[in-house]
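Enquirer: File name query_6.txt; file contents compact mmCIF, C-alpha atoms; full text below.
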```
# COMPACT_ATOMS: atom_id res chain seq x y z
CA MET A 55 0.45 27.68 4.30
CA MET A 56 -1.44 25.18 2.16
CA PHE A 57 1.72 24.12 0.30
CA THR A 58 3.45 23.62 3.66
CA LYS A 59 0.58 21.38 4.73
CA ILE A 60 0.96 19.26 1.58
CA PHE A 61 4.70 18.88 2.09
CA GLU A 62 4.40 18.03 5.79
CA THR A 63 1.68 15.46 5.13
CA ALA A 64 3.70 13.71 2.42
CA ALA A 65 6.97 13.89 4.38
CA SER A 66 5.30 12.31 7.39
CA GLU A 67 4.27 9.34 5.25
CA LEU A 68 7.77 8.84 3.84
CA ASN A 69 9.26 8.75 7.33
CA TYR A 70 7.91 5.23 7.78
CA ILE A 71 9.61 3.50 4.87
CA PRO A 72 12.93 1.70 5.45
CA LEU A 73 14.93 3.62 2.81
CA SER A 74 15.73 7.32 2.61
CA ILE A 75 13.95 9.52 0.06
CA GLU A 76 14.72 13.22 -0.29
CA LEU A 77 11.44 15.07 -0.75
CA SER A 78 10.85 18.56 -2.13
CA LEU A 79 7.85 20.56 -3.32
CA THR A 80 7.48 23.17 -6.01
CA SER A 81 4.59 25.18 -7.44
CA VAL A 82 4.24 25.86 -11.15
CA PRO A 83 1.72 27.68 -13.38
CA THR A 84 0.71 24.35 -14.97
CA LEU A 85 1.77 20.78 -14.46
CA PRO A 86 4.79 19.74 -16.55
CA VAL A 87 2.87 16.88 -18.11
CA ALA A 88 -0.76 17.08 -19.21
CA TYR A 89 -3.02 15.23 -16.80
CA HIS A 90 -5.09 12.39 -18.19
CA PRO A 91 -7.55 10.50 -15.95
CA ASP A 92 -6.58 7.13 -17.44
CA CYS A 93 -2.92 7.64 -16.44
CA LEU A 94 -3.41 7.63 -12.68
CA GLN A 95 -1.76 4.23 -12.37
CA ILE A 96 1.03 4.76 -14.88
CA VAL A 97 4.55 6.12 -14.40
CA CYS A 98 5.71 7.75 -17.63
CA PRO A 99 9.43 8.28 -18.38
CA GLN A 100 10.06 11.90 -19.31
CA HIS A 101 13.08 14.03 -20.15
CA CYS A 102 13.29 16.93 -17.74
CA GLY A 103 16.95 17.97 -17.50
CA ALA A 104 17.69 14.31 -16.76
CA ASP A 105 15.62 11.20 -17.28
CA GLN A 106 12.96 11.09 -14.56
CA TYR A 107 9.57 9.54 -13.93
CA TRP A 108 6.37 11.53 -13.77
CA ILE A 109 3.43 10.47 -11.64
CA PRO A 110 0.27 12.29 -12.77
CA TRP A 111 -2.11 12.41 -9.84
CA THR A 112 -4.78 15.09 -10.09
CA GLU A 113 -5.31 18.15 -12.25
CA LEU A 114 -3.51 20.17 -9.57
CA GLN A 115 -0.88 17.78 -8.24
CA GLY A 116 1.74 15.29 -9.44
CA ALA A 117 5.30 14.22 -8.71
CA TRP A 118 8.68 13.73 -10.35
CA ILE A 119 10.73 10.71 -9.27
CA SER A 120 14.50 10.50 -9.83
CA PRO A 121 15.76 7.48 -11.82
CA ASP A 122 17.51 6.02 -8.77
CA GLY A 123 14.44 6.45 -6.54
CA ARG A 124 16.34 8.48 -3.97
CA SER A 125 14.50 11.77 -4.45
CA ALA A 126 11.01 12.95 -5.30
CA GLU A 127 9.51 16.35 -6.07
CA ILE A 128 5.82 17.02 -5.54
CA VAL A 129 4.51 19.50 -8.10
CA VAL A 130 1.45 21.64 -7.31
CA THR A 131 -0.16 24.25 -9.52
CA GLU A 132 0.07 27.84 -8.28
CA ASN A 133 -3.71 28.31 -8.40
CA THR A 134 -4.33 25.48 -5.90
CA ARG A 135 -6.42 26.75 -2.98
CA ASP A 136 -6.95 25.49 0.55
CA ALA A 137 -10.34 24.16 -0.51
CA ASP A 138 -8.59 21.99 -3.13
CA PHE A 139 -6.32 20.34 -0.57
CA SER A 140 -7.28 16.80 0.40
CA ARG A 141 -5.18 15.16 3.09
CA SER A 142 -6.29 11.71 1.96
CA MET A 143 -5.27 12.36 -1.66
CA THR A 144 -1.87 13.68 -0.58
CA ILE A 145 -1.33 10.64 1.65
CA ALA A 146 -2.26 8.38 -1.26
CA LEU A 147 0.18 10.23 -3.55
CA ALA A 148 2.91 9.91 -0.91
CA ASN A 149 2.31 6.15 -0.76
CA VAL A 150 2.63 5.88 -4.53
CA ILE A 151 5.83 7.96 -4.43
CA ALA A 152 7.22 5.71 -1.69
CA GLY A 153 6.33 2.54 -3.55
CA ALA A 154 7.83 3.73 -6.83
CA CYS A 155 11.03 4.89 -5.09
CA LEU A 156 11.37 1.60 -3.24
CA ASN A 157 11.03 -0.31 -6.51
CA LEU A 158 13.63 1.91 -8.16
CA GLN A 159 15.92 1.04 -5.24
CA ARG A 160 15.30 -2.64 -6.08
CA GLN A 161 13.05 -3.30 -3.10
CA VAL A 162 9.80 -5.23 -3.30
CA ALA A 163 6.96 -2.77 -2.59
CA ILE A 164 3.44 -4.17 -2.75
CA HIS A 165 0.14 -2.32 -2.37
CA ALA A 166 -0.98 -4.42 0.57
CA ASN A 167 -1.50 -4.56 4.33
CA ALA A 168 0.25 -6.91 6.73
CA VAL A 169 -0.35 -8.34 10.19
CA SER A 170 1.66 -10.78 12.29
CA ILE A 171 0.19 -14.13 13.35
CA GLU A 172 2.35 -16.48 15.43
CA GLY A 173 5.50 -14.57 14.48
CA ARG A 174 4.86 -14.68 10.74
CA ALA A 175 3.78 -11.78 8.57
CA VAL A 176 0.53 -12.34 6.69
CA ALA A 177 -0.03 -9.86 3.85
CA PHE A 178 -3.30 -9.01 2.11
CA ALA A 179 -3.10 -7.74 -1.48
CA GLY A 180 -6.04 -6.88 -3.66
CA HIS A 181 -7.72 -4.19 -5.67
CA SER A 182 -9.43 -1.29 -3.91
CA GLY A 183 -12.52 -2.44 -2.07
CA MET A 184 -11.42 -6.07 -1.63
CA GLY A 185 -11.15 -5.73 2.15
CA LYS A 186 -7.44 -5.33 2.89
CA SER A 187 -8.00 -2.80 5.67
CA THR A 188 -11.11 -4.53 7.00
CA LEU A 189 -9.23 -7.81 7.40
CA THR A 190 -6.30 -5.98 8.97
CA ALA A 191 -8.50 -4.19 11.51
CA PHE A 192 -10.33 -7.37 12.49
CA CYS A 193 -7.14 -9.46 12.76
CA VAL A 194 -5.37 -6.99 15.04
CA ASN A 195 -8.47 -6.73 17.23
CA GLN A 196 -8.26 -10.50 17.64
CA GLY A 197 -4.65 -10.34 18.83
CA ALA A 198 -2.60 -10.29 15.62
CA GLY A 199 0.25 -7.78 15.54
CA PHE A 200 -0.09 -4.73 13.31
CA ILE A 201 2.76 -4.31 10.79
CA THR A 202 1.81 -1.94 7.99
CA ASP A 203 -0.97 -0.34 5.97
CA ASP A 204 -0.84 0.31 2.19
CA ILE A 205 2.85 -0.48 1.57
CA VAL A 206 4.34 -3.90 2.28
CA THR A 207 8.11 -3.62 1.89
CA VAL A 208 9.96 -6.95 1.71
CA ASP A 209 13.76 -7.16 1.74
CA SER A 210 16.01 -9.83 0.17
CA GLU A 211 15.73 -11.95 3.33
CA GLY A 212 11.94 -12.05 3.13
CA LEU A 213 11.40 -9.64 6.03
CA VAL A 214 8.42 -7.27 6.09
CA TYR A 215 9.16 -3.85 7.56
CA PRO A 216 6.82 -1.93 9.89
CA GLY A 217 4.99 0.93 8.20
CA ASN A 218 2.76 3.85 9.10
CA ASN A 219 0.79 3.47 12.33
CA ARG A 220 -2.72 3.74 10.90
CA ILE A 221 -5.57 1.73 9.51
CA LYS A 222 -7.82 3.46 6.96
CA LEU A 223 -11.49 2.47 7.03
CA PHE A 224 -14.72 3.78 5.61
CA PRO A 225 -17.08 4.99 8.36
CA HIS A 226 -19.55 2.15 7.74
CA THR A 227 -16.74 -0.38 8.11
CA GLY A 228 -15.53 1.21 11.35
CA GLU A 229 -19.08 1.17 12.67
CA SER A 230 -19.51 -2.52 11.77
CA LEU A 231 -16.30 -3.30 13.67
CA GLY A 232 -17.48 -1.37 16.72
CA LEU A 233 -15.04 1.53 16.29
CA ASP A 234 -15.59 5.26 16.89
CA THR A 235 -16.81 6.92 13.68
CA SER A 236 -17.09 10.48 14.94
CA TYR A 237 -13.74 11.54 13.45
CA GLU A 238 -13.57 14.34 10.91
CA LEU A 239 -12.51 13.01 7.51
CA ASP A 240 -12.34 13.85 3.82
CA TYR A 241 -12.41 10.24 2.57
CA LYS A 242 -11.70 7.52 5.13
CA ILE A 243 -11.16 7.51 8.88
CA HIS A 244 -7.52 7.00 9.85
CA TYR A 245 -7.38 4.92 13.02
CA ASN A 246 -4.19 4.82 15.09
CA PRO A 247 -3.56 1.16 16.06
CA VAL A 248 -1.92 2.28 19.31
CA GLN A 249 -5.09 4.12 20.31
CA LEU A 250 -7.09 1.00 19.46
CA GLY A 251 -4.99 -0.87 22.01
CA VAL A 252 -3.52 -3.36 19.55
CA ASN A 253 0.02 -4.73 19.37
CA VAL A 254 2.04 -2.54 16.98
CA LEU A 255 5.26 -4.22 15.90
CA GLN A 256 8.48 -2.24 15.75
CA ARG A 257 10.79 -4.77 14.09
CA PRO A 258 10.74 -6.60 10.72
CA VAL A 259 8.80 -9.87 10.59
CA PRO A 260 9.45 -12.81 8.20
CA LEU A 261 6.75 -13.02 5.54
CA GLY A 262 4.86 -16.32 5.76
CA ILE A 263 1.94 -15.95 3.36
CA LEU A 264 0.95 -13.35 0.80
CA TYR A 265 -2.77 -13.60 0.12
CA LEU A 266 -4.38 -12.34 -3.08
CA LEU A 267 -7.92 -11.49 -2.02
CA ALA A 268 -10.98 -12.74 -3.90
CA GLU A 269 -14.66 -12.97 -3.02
CA SER A 270 -16.14 -16.43 -2.60
CA LYS A 271 -19.66 -17.60 -3.29
CA GLY A 272 -21.84 -18.26 -0.29
CA ASP A 273 -20.08 -18.71 3.03
CA ASN A 274 -17.11 -20.66 1.70
CA ILE A 275 -13.64 -19.78 3.00
CA TYR A 276 -10.67 -21.43 1.29
CA SER A 277 -7.35 -20.70 -0.37
CA GLU A 278 -5.43 -22.00 -3.36
CA GLN A 279 -1.69 -22.08 -3.93
CA VAL A 280 -0.64 -19.86 -6.85
CA SER A 281 2.04 -21.18 -9.19
CA PRO A 282 5.37 -19.28 -9.15
CA SER A 283 4.89 -17.84 -12.65
CA GLN A 284 1.33 -16.73 -11.92
CA ALA A 285 2.42 -15.44 -8.50
CA VAL A 286 5.05 -13.16 -10.05
CA PHE A 287 2.48 -11.79 -12.48
CA ASN A 288 -0.08 -11.15 -9.73
CA VAL A 289 2.38 -9.62 -7.27
CA LEU A 290 3.67 -7.28 -9.98
CA LEU A 291 0.05 -6.36 -10.71
CA HIS A 292 -0.26 -5.18 -7.08
CA SER A 293 3.14 -3.51 -6.94
CA TYR A 294 3.85 0.19 -7.31
CA TYR A 295 4.61 0.41 -11.04
CA ALA A 296 7.15 -2.42 -11.00
CA SER A 297 5.86 -3.74 -14.34
CA GLU A 298 6.43 -0.35 -15.95
CA LEU A 299 9.86 0.05 -14.35
CA ILE A 300 11.29 -3.41 -15.08
CA PRO A 301 12.06 -2.78 -18.81
CA ASN A 302 14.49 -0.02 -17.77
CA HIS A 303 15.47 -1.74 -14.49
CA PRO A 304 15.52 -5.49 -15.29
CA VAL A 305 17.25 -6.37 -12.02
CA LEU A 306 14.02 -5.42 -10.23
CA LEU A 307 12.34 -8.51 -11.67
CA ASN A 308 14.81 -10.67 -9.74
CA SER A 309 13.54 -9.17 -6.47
CA TYR A 310 9.98 -10.28 -7.22
CA VAL A 311 11.02 -13.72 -8.47
CA ARG A 312 13.03 -14.21 -5.28
CA LEU A 313 10.02 -13.22 -3.18
CA VAL A 314 7.63 -15.81 -4.66
CA ASN A 315 10.31 -18.48 -4.21
CA GLN A 316 10.72 -17.54 -0.54
CA VAL A 317 7.09 -17.43 0.62
CA GLN A 318 3.71 -18.89 -0.14
CA VAL A 319 1.50 -16.87 -2.45
CA ARG A 320 -2.10 -18.01 -2.11
CA LYS A 321 -5.44 -16.80 -3.39
CA LEU A 322 -7.84 -16.34 -0.48
CA TYR A 323 -11.53 -16.74 -1.24
CA TYR A 324 -13.76 -15.41 1.50
CA PRO A 325 -17.29 -13.97 1.87
CA ARG A 326 -17.70 -10.22 2.18
CA ASN A 327 -19.71 -10.58 5.35
CA PHE A 328 -18.73 -8.88 8.62
CA GLY A 329 -20.46 -11.60 10.59
CA LEU A 330 -18.12 -14.25 9.14
CA LEU A 331 -14.86 -12.43 9.90
CA PRO A 332 -14.23 -14.60 13.01
CA LYS A 333 -14.24 -17.68 10.77
CA VAL A 334 -11.91 -15.98 8.29
CA TYR A 335 -9.47 -15.18 11.11
CA GLU A 336 -9.67 -18.78 12.37
CA PHE A 337 -8.91 -19.99 8.84
CA LEU A 338 -5.90 -17.67 8.53
CA THR A 339 -4.54 -18.81 11.88
CA LYS A 340 -4.77 -22.47 10.89
CA GLU A 341 -2.95 -21.81 7.62
CA VAL A 342 -0.10 -20.03 9.44
CA TYR A 343 0.19 -22.97 11.86
CA ARG A 344 0.75 -25.27 8.90
CA LEU A 345 3.74 -23.32 7.58
```
How would this structure read if it were set down as structure tokens?
Expert:
Amino acid sequence: MMFTKIFETAASELNYIPLSIELSLTSVPTLPVAYHPDCLQIVCPQHCGADQYWIPWTELQGAWISPDGRSAEIVVTENTRDADFSRSMTIALANVIAGACLNLQRQVAIHANAVSIEGRAVAFAGHSGMGKSTLTAFCVNQGAGFITDDIVTVDSEGLVYPGNNRIKLFPHTGESLGLDTSYELDYKIHYNPVQLGVNVLQRPVPLGILYLLAESKGDNIYSEQVSPSQAVFNVLLHSYYASELIPNHPVLLNSYVRLVNQVQVRKLYYPRNFGLLPKVYEFLTKEVYRL
């Protein structure tokens, strides 16, 4: 039953990406590759019948990815118990699988959130804790359209595709935004944008600005244009293993170069202060108007 729950949770996540990925799950006595904590963000090429990619995730769970990104196999140890199952961790693994598979299929897949302002997609990329979901939640509550959480998929025409209908927030963040925090959770609360009464977009939206989030000093809110070369580096830094995949899939680099030549990549400096979020949203709106 527990393995079924893991598969169903991961499969549900993959249903929202624009390309097809065949998913399977297997249990083994031990993981095929030794787990190392410092490898959580690394995809390691391995030889397992055919060349594949291994995503180490936890001591009990990982995933094989096919070289063409069209199939993935979640691997769980046989001694995994119900108490070991974390829905949030499985969702996070599914997102990493999706991002890696999209990159292997030569799609741009960025660890970011995106909203729509005046018909343009505005994406927020940044390391964990930089406020991607907080900005997303506030923007959609102000009238911006919700596009996606966690995975921003951009095609060759610069269109961002709708993703999973949820916004993940820590309870204290939800409380600060006036949201219900009584939900049961094992990490973050998963809010359904539809239930929040916001506009959830169903069609791709042209990407206008990709913001790289940074904290400013004081109450200053401003942005700086990032040069194309630096933009490629930074976007790859926030991609799902694209940097590791490019040596064996050099064409993938062209997808990211094309992206930074199509849209503005800017570094957004803003204060980490809930009370100043209205000013941040006003700033974002003005920047979109100037496109």
Enquirer: Could you check which of A:Gln318, A:Thr112, A:Asn253, A:Ser230 is closest to Tyr265 of chain A, using all atoms listed in the file?
Expert: A:Gln318
Enquirer: Grab the atom CA of Ile60 of chain A to atom CA of Leu85 of chain A distance for me, in Å with one decimal place.
Expert: 16.1 Å
Enquirer: Could you check the closest approach to Val129 of chain A for each of A:Leu158, A:Tyr215, A:Phe61, A:Ala179 and tell me which residue wins, using all atoms listed in the file?
Expert: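 Going through A:Leu158, A:Tyr215, A:Phe61, A:Ala179 one by one, the smallest distance to Val129 of chain A is for A:Phe61.
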Enquirer: How close does each residue of segment 127-242 of chain A get to segment 327-342 of chain A, giving the shortest atom pair and distance in Å to one decimal for every residue with an atom at most 9 Å away, counting all atoms listed in the file, sorted by chain and residue number, as JSON lines?
Expert:
```
{"residue": "A:Ile171", "atom": "CA", "partner": "A:Thr339", "partner_atom": "CA", "distance": 6.8}
{"residue": "A:Glu172", "atom": "CA", "partner": "A:Val342", "partner_atom": "CA", "distance": 7.4}
{"residue": "A:Arg174", "atom": "CA", "partner": "A:Val342", "partner_atom": "CA", "distance": 7.4}
{"residue": "A:Val176", "atom": "CA", "partner": "A:Val342", "partner_atom": "CA", "distance": 8.2}
{"residue": "A:Thr188", "atom": "CA", "partner": "A:Phe328", "partner_atom": "CA", "distance": 8.9}
{"residue": "A:Leu189", "atom": "CA", "partner": "A:Leu331", "partner_atom": "CA", "distance": 7.7}
{"residue": "A:Phe192", "atom": "CA", "partner": "A:Leu331", "partner_atom": "CA", "distance": 7.3}
{"residue": "A:Cys193", "atom": "CA", "partner": "A:Tyr335", "partner_atom": "CA", "distance": 6.4}
{"residue": "A:Gln196", "atom": "CA", "partner": "A:Tyr335", "partner_atom": "CA", "distance": 8.1}
{"residue": "A:Thr227", "atom": "CA", "partner": "A:Phe328", "partner_atom": "CA", "distance": 8.7}
{"residue": "A:Ser230", "atom": "CA", "partner": "A:Phe328", "partner_atom": "CA", "distance": 7.1}
{"residue": "A:Leu231", "atom": "CA", "partner": "A:Phe328", "partner_atom": "CA", "distance": 7.9}
```
Enquirer: Write out as a count of residues only the residues lying within 7 Å of Pro247 of chain A, counting only C-alpha atoms and excluding same-chain residues fewer than 5 positions away.
Expert: 5
Enquirer: Mind giving me the straight-line distance from atom CA of Pro325 of chain A to atom CA of Gly173 of chain A in Å, one decimal?
Expert: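 Pair atom CA of Pro325 of chain A / atom CA of Gly173 of chain A returns 26.1 Å.
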Enquirer: Please supply segment 198-215 of chain A, rebuilt with N, CA and C atoms, as a PDB file, in the frame of the given file.
Expert:
```
ATOM      1  N   ALA A 198      -3.714 -10.326  16.575  1.00  0.00           N
ATOM      2  CA  ALA A 198      -2.600 -10.290  15.620  1.00  0.00           C
ATOM      3  C   ALA A 198      -1.826  -8.986  15.788  1.00  0.00           C
ATOM      4  N   GLY A 199      -0.555  -8.997  15.471  1.00  0.00           N
ATOM      5  CA  GLY A 199       0.250  -7.780  15.540  1.00  0.00           C
ATOM      6  C   GLY A 199       0.061  -6.943  14.294  1.00  0.00           C
ATOM      7  N   PHE A 200       0.026  -5.624  14.462  1.00  0.00           N
ATOM      8  CA  PHE A 200      -0.090  -4.730  13.310  1.00  0.00           C
ATOM      9  C   PHE A 200       1.303  -4.445  12.761  1.00  0.00           C
ATOM     10  N   ILE A 201       1.463  -4.587  11.427  1.00  0.00           N
ATOM     11  CA  ILE A 201       2.760  -4.310  10.790  1.00  0.00           C
ATOM     12  C   ILE A 201       2.695  -3.073   9.914  1.00  0.00           C
ATOM     13  N   THR A 202       1.808  -3.064   8.928  1.00  0.00           N
ATOM     14  CA  THR A 202       1.810  -1.940   7.990  1.00  0.00           C
ATOM     15  C   THR A 202       0.491  -1.837   7.238  1.00  0.00           C
ATOM     16  N   ASP A 203       0.223  -0.648   6.754  1.00  0.00           N
ATOM     17  CA  ASP A 203      -0.970  -0.340   5.970  1.00  0.00           C
ATOM     18  C   ASP A 203      -0.521   0.259   4.639  1.00  0.00           C
ATOM     19  N   ASP A 204      -1.062  -0.229   3.548  1.00  0.00           N
ATOM     20  CA  ASP A 204      -0.840   0.310   2.190  1.00  0.00           C
ATOM     21  C   ASP A 204       0.438  -0.166   1.515  1.00  0.00           C
ATOM     22  N   ILE A 205       1.590  -0.110   2.202  1.00  0.00           N
ATOM     23  CA  ILE A 205       2.850  -0.480   1.570  1.00  0.00           C
ATOM     24  C   ILE A 205       3.494  -1.623   2.340  1.00  0.00           C
ATOM     25  N   VAL A 206       3.595  -2.781   1.703  1.00  0.00           N
ATOM     26  CA  VAL A 206       4.340  -3.900   2.280  1.00  0.00           C
ATOM     27  C   VAL A 206       5.702  -3.923   1.606  1.00  0.00           C
ATOM     28  N   THR A 207       6.739  -3.631   2.388  1.00  0.00           N
ATOM     29  CA  THR A 207       8.110  -3.620   1.890  1.00  0.00           C
ATOM     30  C   THR A 207       8.799  -4.895   2.352  1.00  0.00           C
ATOM     31  N   VAL A 208       9.319  -5.671   1.401  1.00  0.00           N
ATOM     32  CA  VAL A 208       9.960  -6.950   1.710  1.00  0.00           C
ATOM     33  C   VAL A 208      11.407  -6.895   1.228  1.00  0.00           C
ATOM     34  N   ASP A 209      12.353  -7.206   2.137  1.00  0.00           N
ATOM     35  CA  ASP A 209      13.760  -7.160   1.740  1.00  0.00           C
ATOM     36  C   ASP A 209      14.197  -8.506   1.169  1.00  0.00           C
ATOM     37  N   SER A 210      15.487  -8.622   0.827  1.00  0.00           N
ATOM     38  CA  SER A 210      16.010  -9.830   0.170  1.00  0.00           C
ATOM     39  C   SER A 210      15.963 -11.048   1.074  1.00  0.00           C
ATOM     40  N   GLU A 211      15.821 -10.839   2.390  1.00  0.00           N
ATOM     41  CA  GLU A 211      15.730 -11.950   3.330  1.00  0.00           C
ATOM     42  C   GLU A 211      14.285 -12.358   3.602  1.00  0.00           C
ATOM     43  N   GLY A 212      13.339 -11.714   2.930  1.00  0.00           N
ATOM     44  CA  GLY A 212      11.940 -12.050   3.130  1.00  0.00           C
ATOM     45  C   GLY A 212      11.322 -11.422   4.356  1.00  0.00           C
ATOM     46  N   LEU A 213      11.919 -10.335   4.855  1.00  0.00           N
ATOM     47  CA  LEU A 213      11.400  -9.640   6.030  1.00  0.00           C
ATOM     48  C   LEU A 213      10.496  -8.488   5.630  1.00  0.00           C
ATOM     49  N   VAL A 214       9.360  -8.377   6.310  1.00  0.00           N
ATOM     50  CA  VAL A 214       8.420  -7.270   6.090  1.00  0.00           C
ATOM     51  C   VAL A 214       8.691  -6.193   7.120  1.00  0.00           C
ATOM     52  N   TYR A 215       8.809  -4.947   6.663  1.00  0.00           N
ATOM     53  CA  TYR A 215       9.160  -3.850   7.560  1.00  0.00           C
ATOM     54  C   TYR A 215       7.924  -3.106   8.064  1.00  0.00           C
TER      55      TYR A 215
END
```
